[in-house]
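Read through the structure below, which is laid out as structure tokens, and then see the notes.
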Amino acid sequence: MRFFVLLLLTLWTANAVLWAQGDRTVVIISWDGGKPSVIRQMVKEARLPNIYSLLIEGSYSWTAQTIVPSSTLQSHTSMVTGLTMQRHGVTWNDKFREEKGFVKVPTIFELAKKAGLKTAMVVSKSKLKQFAKPGTLDAEEYVKGDATKVAEVAVKVIEQVKPNLMLVHISDPDNVGHSYGWGNEKKGIPPSQEFLNALKRCDKATGEIVRALKRNGQWQKALVIITADHGGHDKTHGSADPEDVNIPWIAAGGLAAKKGELQGQIKTMDTAATALAALGIRAPDDWDGKPVWEALKERGEISMNGKQLPIIAEWKGSYCGVIEPKQIVIKSAKDWEDLWKQVHKGKILMPNIPAIDFNKNMVIAVFMGQKPTSGYSIQIAEVEQNDGEVIAKVRSTSPPMGAIVLQVLTQPFHIVVVPKVESRVRFVE
Ligand SMILES: [Zn+2]
């Protein structure tokens, strides 16, 4: 005799939040020309209280590195594309060049937007528009003003747009560095007072942004990365000299690990990959940047393989009419009806066919095939969307040796309903 065990475990509405990462926030705050050796010294002297409190609850490096040339536009483009300049192709620094078109490679904003997330940038140099591709940003603000003004606009955007991914750029340190000097360590020349004051304004602005995230209840699921596009020496930068190339890299917020000073070498391209990782989006495999895992909380807490598709409905059991092992994807009502009948073959009363809206959803099903005893099971553990494909992770279990099992034929199966995706489904055991 056959039993049919059909469990309707969960039934969500079709309008349920699509992506798990929608409740996370990543803010990259770039202090333009923020020379790390000076920042470190000021922290020691308790002159950057906001940075200090982020350092003690997060992870940081004073020897992260930007690209060469250590210049603003090239470097920021690497920061948001995960690629070296040679690969992202933005090789100039003078201005937004309309005739060149927007950067040709994907940006973090673009990838986050594709994942259904909200994006924003609040920047104080208009040339950064070169990577603000149309359609990739929910808010795009070019601020004419200092750190105080940038923070004001950034806080407004956080409150009104609530972006999941945001770049905030403050140009104060660079502006005064060019006018008054970054100092020169090899020659023993200290940084100018104006430069120190600019860093203090950056610290205050960073504090405002952090407080806005806390007020909005976003802090626990936030990653704030404070970094820079380059340092500087005398009244310039752009060279391969460590004073120009070294940048600060500080990760704080609820998604950051409390690791203190990090040992690994961080590159500015890693900022892009880390931002995506914190949002649960996998960076393209060929990126030069890799996530700074050390700086993130338990890797397991961060869903890593792209967008996880929610399971809208499911049926799981040990007995069904499908006796061959099978993995299938169904995208039409007709095929669904056929499958439902097959599953219930031999049963006197077939349950009504559950209505599924195939305009919005699809069915993924796995069948283990006929087994000689009880104790076997199969499950679609996760359904994830990656670039170009959907991965259904399948987990099968067999009774352990010597386990007490029922001498009964079983046909374990699992059927799930997930949002419809056009790309092909790959089953991974
Ligand atoms: Zn500059």
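Ordering of the structure tokens sets the chain letters (A, B, ...); residue numbers start at 1 within each chain; ligands are numbered from 1 in the order shown.
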Within 10 Å of Arg426 of chain A, counting only C-alpha atoms, which residues qualify if same-chain residues fewer than 2 places away don't, as number ranges by chain? A: 327-329, 383-384, 389-393, 423-424, 428-429
C-alpha atoms of the current selection, written as a short mmCIF file (atom, residue, chain, number, x, y, z; two decimals), in the first residue's frame:
data_model
loop_
_atom_site.label_atom_id
_atom_site.label_comp_id
_atom_site.auth_asym_id
_atom_site.auth_seq_id
_atom_site.Cartn_x
_atom_site.Cartn_y
_atom_site.Cartn_z
CA GLN A 327 15.29 16.79 -11.83
CA ILE A 328 12.94 19.09 -13.65
CA VAL A 329 11.92 22.69 -14.16
CA VAL A 383 17.80 28.14 -5.10
CA GLU A 384 20.19 30.86 -6.08
CA GLU A 389 22.06 30.85 -14.36
CA VAL A 390 20.00 29.54 -11.49
CA ILE A 391 21.56 26.99 -9.18
CA ALA A 392 19.34 24.52 -7.32
CA LYS A 393 21.32 22.98 -4.49
CA SER A 423 18.04 31.69 -17.20
CA ARG A 424 18.66 27.94 -17.20
CA VAL A 428 24.12 20.89 -7.95
CA GLU A 429 24.32 17.94 -5.56
#
Alpha helix (DSSP H) per DSSP on the backbone: members of segment 86-166 of chain A, as a PyMOL selection string: chain A and resi 86-88+108-114+147-160
Suppose we keep C-alpha atoms; can you now write the selection as a compact mmCIF listing (two decimals), in the first residue's frame?
# COMPACT_ATOMS: atom_id res chain seq x y z
CA GLN A 86 44.08 48.90 -17.54
CA ARG A 87 40.89 46.88 -17.43
CA HIS A 88 38.26 49.52 -16.58
CA ILE A 108 28.93 47.81 -8.10
CA PHE A 109 25.88 50.06 -8.49
CA GLU A 110 24.92 48.28 -11.67
CA LEU A 111 25.34 44.81 -10.12
CA ALA A 112 23.44 45.78 -6.98
CA LYS A 113 20.65 47.29 -9.04
CA LYS A 114 20.41 44.06 -11.07
CA ALA A 147 32.45 67.70 4.28
CA THR A 148 29.65 69.25 6.33
CA LYS A 149 27.55 69.84 3.24
CA VAL A 150 28.31 66.37 1.82
CA ALA A 151 27.21 64.75 5.10
CA GLU A 152 24.01 66.79 5.10
CA VAL A 153 23.07 65.58 1.62
CA ALA A 154 24.17 62.00 2.38
CA VAL A 155 21.99 61.89 5.50
CA LYS A 156 19.03 63.16 3.50
CA VAL A 157 19.56 60.44 0.89
CA ILE A 158 19.86 57.78 3.60
CA GLU A 159 16.60 58.93 5.14
CA GLN A 160 14.62 59.46 1.95
Please check which protein, DNA or RNA residues sit within 7 Å of ligand 1, counting only C-alpha atoms and all ligand atoms, and write them as number ranges by chain. A: 33, 71-72, 174-175, 178, 236-237
Mind dumping the selected residues with C-alpha atoms as a PDB file, in the first residue's frame?
ATOM      1  CA  GLY A  33      43.432  62.337  -0.423  1.00  0.00           C
ATOM      2  CA  SER A  71      44.727  59.817  -8.998  1.00  0.00           C
ATOM      3  CA  THR A  72      41.107  60.483  -8.146  1.00  0.00           C
ATOM      4  CA  ASP A 174      42.587  66.684  -1.407  1.00  0.00           C
ATOM      5  CA  ASN A 175      41.596  70.307  -1.875  1.00  0.00           C
ATOM      6  CA  HIS A 178      47.039  70.681  -3.042  1.00  0.00           C
ATOM      7  CA  THR A 236      50.747  66.520  -5.016  1.00  0.00           C
ATOM      8  CA  HIS A 237      50.049  62.814  -5.551  1.00  0.00           C
TER       9      HIS A 237
END
Could you list, as a PyMOL selection string, every residue within 7 Å of segment 256-273 of chain A, counting only C-alpha atoms and ignoring same-chain residues fewer than 6 positions away? chain A and resi 55-61+64-66+78-83+108+223+283+288-292+295-297
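Here the question is which of A:Lys44, A:Lys214, A:Lys129, A:Arg24 gets nearest to Leu165 of chain A using only C-alpha atoms, and that residue is A:Arg24.
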What's the 8 Å shell around Glu98 of chain A, counting only C-alpha atoms, without same-chain residues fewer than 3 positions away, as a list in words? Gly101, Phe102 and Gln130 of chain A
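Shortest atom-to-atom contact with Val68 of chain A among A:Leu128, A:Glu382, A:Gly346, A:Thr84: A:Thr84, counting only C-alpha atoms.
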If DSSP is run on the backbone, what residues of segment 189-271 of chain A are strand (DSSP E)? A reply as a PyMOL selection string would be ideal. chain A and resi 222-227+246-252+260-261
Any chance you could export the current selection's N, CA and C atoms as a tab-separated table (two decimals), in the first residue's frame?
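Here's the written file selection-v5.tsv:
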chain	number	residue	atom	x	y	z
A	222	ALA	N	24.56	46.81	8.66
A	222	ALA	CA	25.29	47.74	7.79
A	222	ALA	C	26.77	47.42	7.78
A	223	LEU	N	27.39	47.75	6.64
A	223	LEU	CA	28.84	47.74	6.55
A	223	LEU	C	29.24	49.11	6.05
A	224	VAL	N	30.05	49.81	6.84
A	224	VAL	CA	30.57	51.10	6.42
A	224	VAL	C	32.06	50.92	6.17
A	225	ILE	N	32.49	51.27	4.98
A	225	ILE	CA	33.92	51.19	4.64
A	225	ILE	C	34.43	52.62	4.48
A	226	ILE	N	35.39	53.00	5.31
A	226	ILE	CA	36.01	54.31	5.17
A	226	ILE	C	37.35	54.10	4.49
A	227	THR	N	37.54	54.75	3.37
A	227	THR	CA	38.75	54.56	2.62
A	227	THR	C	39.10	55.85	1.88
A	246	ASN	N	49.36	54.48	-0.46
A	246	ASN	CA	48.70	53.91	0.72
A	246	ASN	C	47.40	54.65	1.01
A	247	ILE	N	46.40	53.86	1.35
A	247	ILE	CA	45.09	54.43	1.69
A	247	ILE	C	44.56	53.77	2.96
A	248	PRO	N	43.70	54.46	3.69
A	248	PRO	CA	43.10	53.81	4.86
A	248	PRO	C	42.01	52.85	4.40
A	249	TRP	N	41.74	51.85	5.18
A	249	TRP	CA	40.64	50.92	4.86
A	249	TRP	C	40.05	50.44	6.19
A	250	ILE	N	38.88	50.98	6.51
A	250	ILE	CA	38.26	50.69	7.80
A	250	ILE	C	36.86	50.14	7.56
A	251	ALA	N	36.58	48.97	8.13
A	251	ALA	CA	35.26	48.36	7.99
A	251	ALA	C	34.59	48.34	9.35
A	252	ALA	N	33.38	48.90	9.42
A	252	ALA	CA	32.65	48.94	10.69
A	252	ALA	C	31.17	48.68	10.42
A	260	GLY	N	40.15	44.17	14.53
A	260	GLY	CA	41.26	45.09	14.75
A	260	GLY	C	42.07	45.25	13.47
A	261	GLU	N	43.40	45.43	13.64
A	261	GLU	CA	44.24	45.66	12.46
A	261	GLU	C	44.40	44.39	11.64
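The nearest approach to Glu141 of chain A among the residues A:Ser377, A:Leu167, A:Gly231, A:Met85, with only C-alpha atoms taken into account, belongs to A:Leu167.
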Using only C-alpha atoms, which protein or nucleic acid residues come within 10 Å of segment 333-338 of chain A? Drop anything in the same chain fewer than 4 positions from it, and give the result as a PyMOL selection string. chain A and resi 329+342-343+352-359+362-363
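Atom pair atom CA of Val122 of chain A / atom CA of Val143 of chain A: separated by 7.0 Å.
Computed from the coordinates, the atom CA of Thr206 of chain A to atom CA of Gly253 of chain A distance equals 12.4 Å.
Here the question is which of A:Pro163, A:Pro36, A:Gly321, A:Gly388 gets nearest to Pro284 of chain A using only C-alpha atoms, and that residue is A:Gly388.
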Of the listed residues A:Val245, A:Leu73, A:Asp203, A:Thr25, that which approaches Ala46 of chain A most closely, counting only C-alpha atoms: A:Asp203
Residues near His169 of chain A, cut-off 9 Å, only C-alpha atoms, skip fewer than 4 positions along chain, as a VMD selection string: chain A and resid 28 to 32 121 to 125 147 150 228
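Distances here use only C-alpha atoms; by that measure, the residue among A:Lys360, A:Val417, A:Ala278, A:Leu199 closest to Glu294 of chain A is A:Ala278.
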If we count only C-alpha atoms and set the cut-off at 6 Å, which residues sit around segment 409-412 of chain A, ignoring sequence neighbours fewer than 6 positions away in its own chain? Please answer as a PyMOL selection string. chain A and resi 317-320+368-373+377-378
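Straight-line separation from atom CA of Ala132 of chain A to atom CA of Trp293 of chain A: 26.9 Å.
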